[in-house]
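Written below as structure tokens is the structure these notes are about.
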Protein chains: 4
Amino acid sequence: MLKINERSEAPIYEQIVQGMKELILKGALQPGDKLPSVREMSATLLVNPNTVAKAYQELERYGIIQTLRGKGTFVAETSAAPGMEKERLERLRHSFHQLLVEAGFLGIGPEQLQAWIDEFHKEIKE
Amino acid sequence: MLKINERSEAPIYEQIVQGMKELILKGALQPGDKLPSVREMSATLLVNPNTVAKAYQELERYGIIQTLRGKGTFVAETSAAPGMEKERLERLRHSFHQLLVEAGFLGIGPEQLQAWIDEFHKEIKE
Amino acid sequence: MLKINERSEAPIYEQIVQGMKELILKGALQPGDKLPSVREMSATLLVNPNTVAKAYQELERYGIIQTLRGKGTFVAETSAAPGMEKERLERLRHSFHQLLVEAGFLGIGPEQLQAWIDEFHKEIKE
Amino acid sequence: MLKINERSEAPIYEQIVQGMKELILKGALQPGDKLPSVREMSATLLVNPNTVAKAYQELERYGIIQTLRGKGTFVAETSAAPGMEKERLERLRHSFHQLLVEAGFLGIGPEQLQAWIDEFHKEIKE
DNA sequence: GTGGTCTAGACCACG
DNA sequence: GTGGTCTAGACCACC
């Protein structure tokens, strides 16, 4: 359900964060669902528990998941972002801009990008 | 024409690479144009010369610029990438995917993204 | 300038965070000032570098300090909190409430508390 | 009359302790009053009985409540703390100090704090 | 059982 | 030189 790409330059904990976000966005993880414990996930991903813990803490800071002492970690009921949206949105826009530059150099035009967007949103809504 | 954001989490040399790509894509830099020397640019950007040199090396690796010994550095005539396009394209797709996830969490729908794309391509063609 | 109380139940990294906040609030650290490097501080406090790093990261998340790659960590120019103030303020109010309950049980009245407040603010303004 | 916030970072047993202290301070619980049994309270709060037991133990340690074997648990007649006041007072002062630092960063001045104090003490005396 | 904290020691990218 | 990431292994509080 979640794979780590060791060759990726993205830090492992970030890959976990991204992966969880995607699972939640696609509905594979619903609000209230219990996440695998830090130890479990570290075992299945063959990764150090601290690394998983760091990912979970990051997700919690964004209000995406919540931990209940001694019980475990759960997908938060309200996925509403806890403020500072403005800054994050600005960062997203910037990333998107950079990506468009890169796409331009690879000869990827607006049509192809649009196709990718549509494909992605079709996945989500299923 | 090229601004460095010291506070950005992106490495400075990457910012230079991105900036140059953007200038070329927008036509502000045409094939054959001479680039500022490493020293010049490091002076204007208030950046370590090694950093600029690293950026230039990266750009040369992608065939975007060319260094003629004793003459200087120039925008390459053929913007065609020297192979390895497949890998870069795969990376682009992956980045795009992650970005769509992030956008989803921020409530940015396909329409907004499409708008951003159109806006960007209008800039380029001007 | 910053002391760790090993007997305190507060985590070391939190003590560092609190200590830095206090130094900044009192003006001992001015915006733009360089903080001791992670390694330096870990050596002077006799604490693991990771612990100091965690404290610095926490401070950076609140926009109180900034790290410039390869150069070090500095007190941020704008101490303005990056949003989410509302939530933090609510937490502060709650903590204050709990503290007043505790004070009530120890026979500390409003006058004493007011005295402490005045004393503290006199320190700051000096 | 006593609410548990599962999402709070404060341990549940601490929340119970704090809540009981507040009820007593406000006079809602008078010396001699009988407290709900551990089982009762664990049922109404939807909390593990061990957790409630731990809270009661803590309250008894501070001489705030008393357990009479076979009869139940009662609010102690003398709210006087059994020594160790000095240490608790020192801790209170320290907490207060930290809180003032935090308040300083959030732009909360002495006037606002004073207002909160007054408001709280008005509640108590009612 | 759960997550939170800390240590020790390592490697890496960046400037 | 700087901070960022990761591992391995340990202890603790909480439920």
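In the structure tokens, the first chain shown is A, the next is B, and so on; residue numbers restart at 1 for each chain, and ligands run from 1 in the order shown.
Distance criterion 10 Å to chain A, applied with only C-alpha atoms (C1' of nucleotides), yields DG1, DT2, DG3 and DG4 of chain E on chain E.
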Resulting file, chosen residues, N, CA and C atoms (P, O5', C5', C4', C3', O3' and C1' of nucleotides), as a JSON list (two decimals), in the first residue's frame:
[["chain", "number", "residue", "atom", "x", "y", "z"],
["E", 1, "DG", "P", 3.81, -6.00, 22.93],
["E", 1, "DG", "O5'", 2.85, -4.85, 22.40],
["E", 1, "DG", "C5'", 1.58, -5.19, 21.88],
["E", 1, "DG", "C4'", 0.73, -3.94, 22.03],
["E", 1, "DG", "C3'", 1.38, -2.68, 21.44],
["E", 1, "DG", "O3'", 0.99, -2.53, 20.10],
["E", 1, "DG", "C1'", 0.57, -2.26, 23.64],
["E", 2, "DT", "P", 1.79, -1.57, 19.18],
["E", 2, "DT", "O5'", 1.54, -0.11, 19.77],
["E", 2, "DT", "C5'", 0.25, 0.50, 19.64],
["E", 2, "DT", "C4'", 0.31, 1.89, 20.25],
["E", 2, "DT", "C3'", 1.42, 2.77, 19.72],
["E", 2, "DT", "O3'", 1.01, 3.43, 18.56],
["E", 2, "DT", "C1'", 1.29, 2.92, 22.10],
["E", 3, "DG", "P", 2.09, 4.01, 17.62],
["E", 3, "DG", "O5'", 2.56, 5.31, 18.41],
["E", 3, "DG", "C5'", 1.64, 6.38, 18.57],
["E", 3, "DG", "C4'", 2.20, 7.39, 19.54],
["E", 3, "DG", "C3'", 3.32, 8.29, 18.97],
["E", 3, "DG", "O3'", 3.14, 9.58, 19.51],
["E", 3, "DG", "C1'", 4.12, 7.13, 20.86],
["E", 4, "DG", "P", 4.26, 10.71, 19.32],
["E", 4, "DG", "O5'", 5.15, 10.63, 20.65],
["E", 4, "DG", "C5'", 4.64, 11.24, 21.84],
["E", 4, "DG", "C4'", 5.79, 11.64, 22.73],
["E", 4, "DG", "C3'", 6.83, 12.51, 22.03],
["E", 4, "DG", "O3'", 7.29, 13.49, 22.96],
["E", 4, "DG", "C1'", 7.86, 10.53, 22.81]]
Q.
When DSSP is applied to the backbone of this structure, which of region 12-98 of chain C are assigned strand (DSSP E or B)? Write them out as JSON, numbers by chain.
A. {"C": [34, 65, 66, 67, 68, 72, 73, 74, 75]}
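Atom to atom, CA of Ala55 (chain B) and CA of Tyr13 (chain B) stand 4.9 Å apart.
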Q: Just the residues within 12 Å of Phe105 (chain D), please, counting only C-alpha atoms (C1' of nucleotides), with nothing from its chain fewer than 3 positions along; format it as number ranges by chain.
A: C: 18, 20-26, 62-64, 78-82, 85, 88-89, 92, 124; D: 98-102, 108-109
Selection export as an mmCIF file, in the first residue's frame, atoms kept: N, CA, C and O atoms:
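Result file is selection-v9.cif:
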data_model
loop_
_atom_site.group_PDB
_atom_site.id
_atom_site.type_symbol
_atom_site.label_atom_id
_atom_site.label_comp_id
_atom_site.auth_asym_id
_atom_site.auth_seq_id
_atom_site.Cartn_x
_atom_site.Cartn_y
_atom_site.Cartn_z
ATOM 1 N N GLN C 18 12.472 27.018 24.825
ATOM 2 C CA GLN C 18 12.027 28.042 25.766
ATOM 3 C C GLN C 18 13.143 29.026 26.071
ATOM 4 O O GLN C 18 12.938 30.244 26.111
ATOM 5 N N MET C 20 15.759 29.841 24.296
ATOM 6 C CA MET C 20 16.058 30.725 23.170
ATOM 7 C C MET C 20 14.984 31.804 23.061
ATOM 8 O O MET C 20 15.290 32.977 22.846
ATOM 9 N N LYS C 21 13.736 31.390 23.207
ATOM 10 C CA LYS C 21 12.648 32.377 23.150
ATOM 11 C C LYS C 21 12.887 33.467 24.182
ATOM 12 O O LYS C 21 12.722 34.658 23.898
ATOM 13 N N GLU C 22 13.283 33.062 25.367
ATOM 14 C CA GLU C 22 13.476 34.035 26.434
ATOM 15 C C GLU C 22 14.624 34.986 26.095
ATOM 16 O O GLU C 22 14.507 36.198 26.268
ATOM 17 N N LEU C 23 15.715 34.413 25.593
ATOM 18 C CA LEU C 23 16.864 35.254 25.249
ATOM 19 C C LEU C 23 16.489 36.281 24.188
ATOM 20 O O LEU C 23 16.926 37.432 24.221
ATOM 21 N N ILE C 24 15.681 35.840 23.233
ATOM 22 C CA ILE C 24 15.271 36.759 22.168
ATOM 23 C C ILE C 24 14.335 37.825 22.717
ATOM 24 O O ILE C 24 14.481 39.014 22.443
ATOM 25 N N LEU C 25 13.389 37.374 23.539
ATOM 26 C CA LEU C 25 12.424 38.322 24.099
ATOM 27 C C LEU C 25 13.121 39.384 24.931
ATOM 28 O O LEU C 25 12.724 40.556 24.937
ATOM 29 N N LYS C 26 14.163 38.990 25.623
ATOM 30 C CA LYS C 26 14.877 39.937 26.479
ATOM 31 C C LYS C 26 15.891 40.769 25.692
ATOM 32 O O LYS C 26 16.524 41.653 26.244
ATOM 33 N N TYR C 62 8.327 27.933 13.842
ATOM 34 C CA TYR C 62 7.562 29.066 14.328
ATOM 35 C C TYR C 62 8.057 30.378 13.741
ATOM 36 O O TYR C 62 7.607 31.442 14.149
ATOM 37 N N GLY C 63 9.003 30.286 12.835
ATOM 38 C CA GLY C 63 9.489 31.501 12.189
ATOM 39 C C GLY C 63 10.349 32.362 13.086
ATOM 40 O O GLY C 63 10.602 33.522 12.796
ATOM 41 N N ILE C 64 10.817 31.797 14.183
ATOM 42 C CA ILE C 64 11.606 32.582 15.131
ATOM 43 C C ILE C 64 13.066 32.630 14.707
ATOM 44 O O ILE C 64 13.753 33.613 14.916
ATOM 45 N N THR C 78 11.984 39.096 10.936
ATOM 46 C CA THR C 78 10.606 39.389 11.318
ATOM 47 C C THR C 78 10.141 38.342 12.307
ATOM 48 O O THR C 78 9.974 37.188 11.970
ATOM 49 N N SER C 79 9.938 38.793 13.531
ATOM 50 C CA SER C 79 9.507 37.846 14.558
ATOM 51 C C SER C 79 8.016 37.563 14.464
ATOM 52 O O SER C 79 7.444 36.937 15.332
ATOM 53 N N ALA C 80 7.407 38.069 13.399
ATOM 54 C CA ALA C 80 5.965 37.874 13.271
ATOM 55 C C ALA C 80 5.631 36.396 13.163
ATOM 56 O O ALA C 80 6.262 35.659 12.428
ATOM 57 N N ALA C 81 4.649 35.982 13.928
ATOM 58 C CA ALA C 81 4.246 34.578 13.905
ATOM 59 C C ALA C 81 3.568 34.263 12.585
ATOM 60 O O ALA C 81 2.792 35.078 12.073
ATOM 61 N N PRO C 82 3.855 33.100 12.014
ATOM 62 C CA PRO C 82 3.326 32.739 10.697
ATOM 63 C C PRO C 82 1.936 32.136 10.779
ATOM 64 O O PRO C 82 1.763 30.957 10.574
ATOM 65 N N GLU C 85 -1.969 31.859 14.824
ATOM 66 C CA GLU C 85 -1.879 32.517 16.119
ATOM 67 C C GLU C 85 -3.088 32.195 16.976
ATOM 68 O O GLU C 85 -2.979 32.065 18.189
ATOM 69 N N ARG C 88 -2.659 29.036 18.933
ATOM 70 C CA ARG C 88 -1.652 29.178 19.980
ATOM 71 C C ARG C 88 -2.176 30.039 21.122
ATOM 72 O O ARG C 88 -1.932 29.752 22.292
ATOM 73 N N LEU C 89 -2.914 31.080 20.755
ATOM 74 C CA LEU C 89 -3.446 31.957 21.783
ATOM 75 C C LEU C 89 -4.435 31.202 22.663
ATOM 76 O O LEU C 89 -4.455 31.372 23.886
ATOM 77 N N LEU C 92 -2.534 29.148 25.019
ATOM 78 C CA LEU C 92 -1.962 29.974 26.078
ATOM 79 C C LEU C 92 -3.014 30.272 27.138
ATOM 80 O O LEU C 92 -2.763 30.133 28.338
ATOM 81 N N ILE C 124 12.293 42.637 30.886
ATOM 82 C CA ILE C 124 12.303 42.692 29.421
ATOM 83 C C ILE C 124 12.688 44.056 28.903
ATOM 84 O O ILE C 124 13.497 44.199 27.987
ATOM 85 N N GLN D 98 7.592 30.759 32.248
ATOM 86 C CA GLN D 98 7.552 30.257 30.873
ATOM 87 C C GLN D 98 6.353 30.810 30.141
ATOM 88 O O GLN D 98 6.406 31.178 28.965
ATOM 89 N N LEU D 99 5.244 30.859 30.880
ATOM 90 C CA LEU D 99 4.015 31.327 30.266
ATOM 91 C C LEU D 99 4.123 32.790 29.877
ATOM 92 O O LEU D 99 3.607 33.219 28.835
ATOM 93 N N LEU D 100 4.822 33.557 30.693
ATOM 94 C CA LEU D 100 4.990 34.969 30.358
ATOM 95 C C LEU D 100 5.843 35.134 29.101
ATOM 96 O O LEU D 100 5.593 36.024 28.281
ATOM 97 N N VAL D 101 6.847 34.264 28.957
ATOM 98 C CA VAL D 101 7.664 34.303 27.744
ATOM 99 C C VAL D 101 6.779 34.030 26.526
ATOM 100 O O VAL D 101 6.791 34.772 25.540
ATOM 101 N N GLU D 102 6.004 32.973 26.635
ATOM 102 C CA GLU D 102 5.121 32.608 25.525
ATOM 103 C C GLU D 102 4.164 33.747 25.209
ATOM 104 O O GLU D 102 3.939 34.081 24.036
ATOM 105 N N ILE D 108 0.889 39.276 23.929
ATOM 106 C CA ILE D 108 -0.032 39.472 25.056
ATOM 107 C C ILE D 108 0.692 40.273 26.134
ATOM 108 O O ILE D 108 1.684 39.810 26.692
ATOM 109 N N GLY D 109 0.211 41.444 26.432
ATOM 110 C CA GLY D 109 0.861 42.300 27.416
ATOM 111 C C GLY D 109 0.307 42.093 28.810
ATOM 112 O O GLY D 109 -0.613 41.303 29.019
#
Using only C-alpha atoms (C1' of nucleotides), which residues of chain D come within 10 Å of chain F, and what is the closest atom pair for each, with the distance in Å to one decimal? Give it as a tab-separated table, sorted by chain and residue number.
residue	atom	partner	partner_atom	distance
D:Pro11	CA	F:DC14	C1'	7.1
D:Ile12	CA	F:DC14	C1'	8.6
D:Tyr13	CA	F:DC14	C1'	9.1
D:Val47	CA	F:DC15	C1'	9.1
D:Asn48	CA	F:DC15	C1'	7.1
D:Pro49	CA	F:DC15	C1'	9.8
D:Asn50	CA	F:DC15	C1'	8.0
D:Thr51	CA	F:DC15	C1'	7.2
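Interatomic distance, CA of Phe120 (chain D) to CA of Lys125 (chain C): 27.4 Å.
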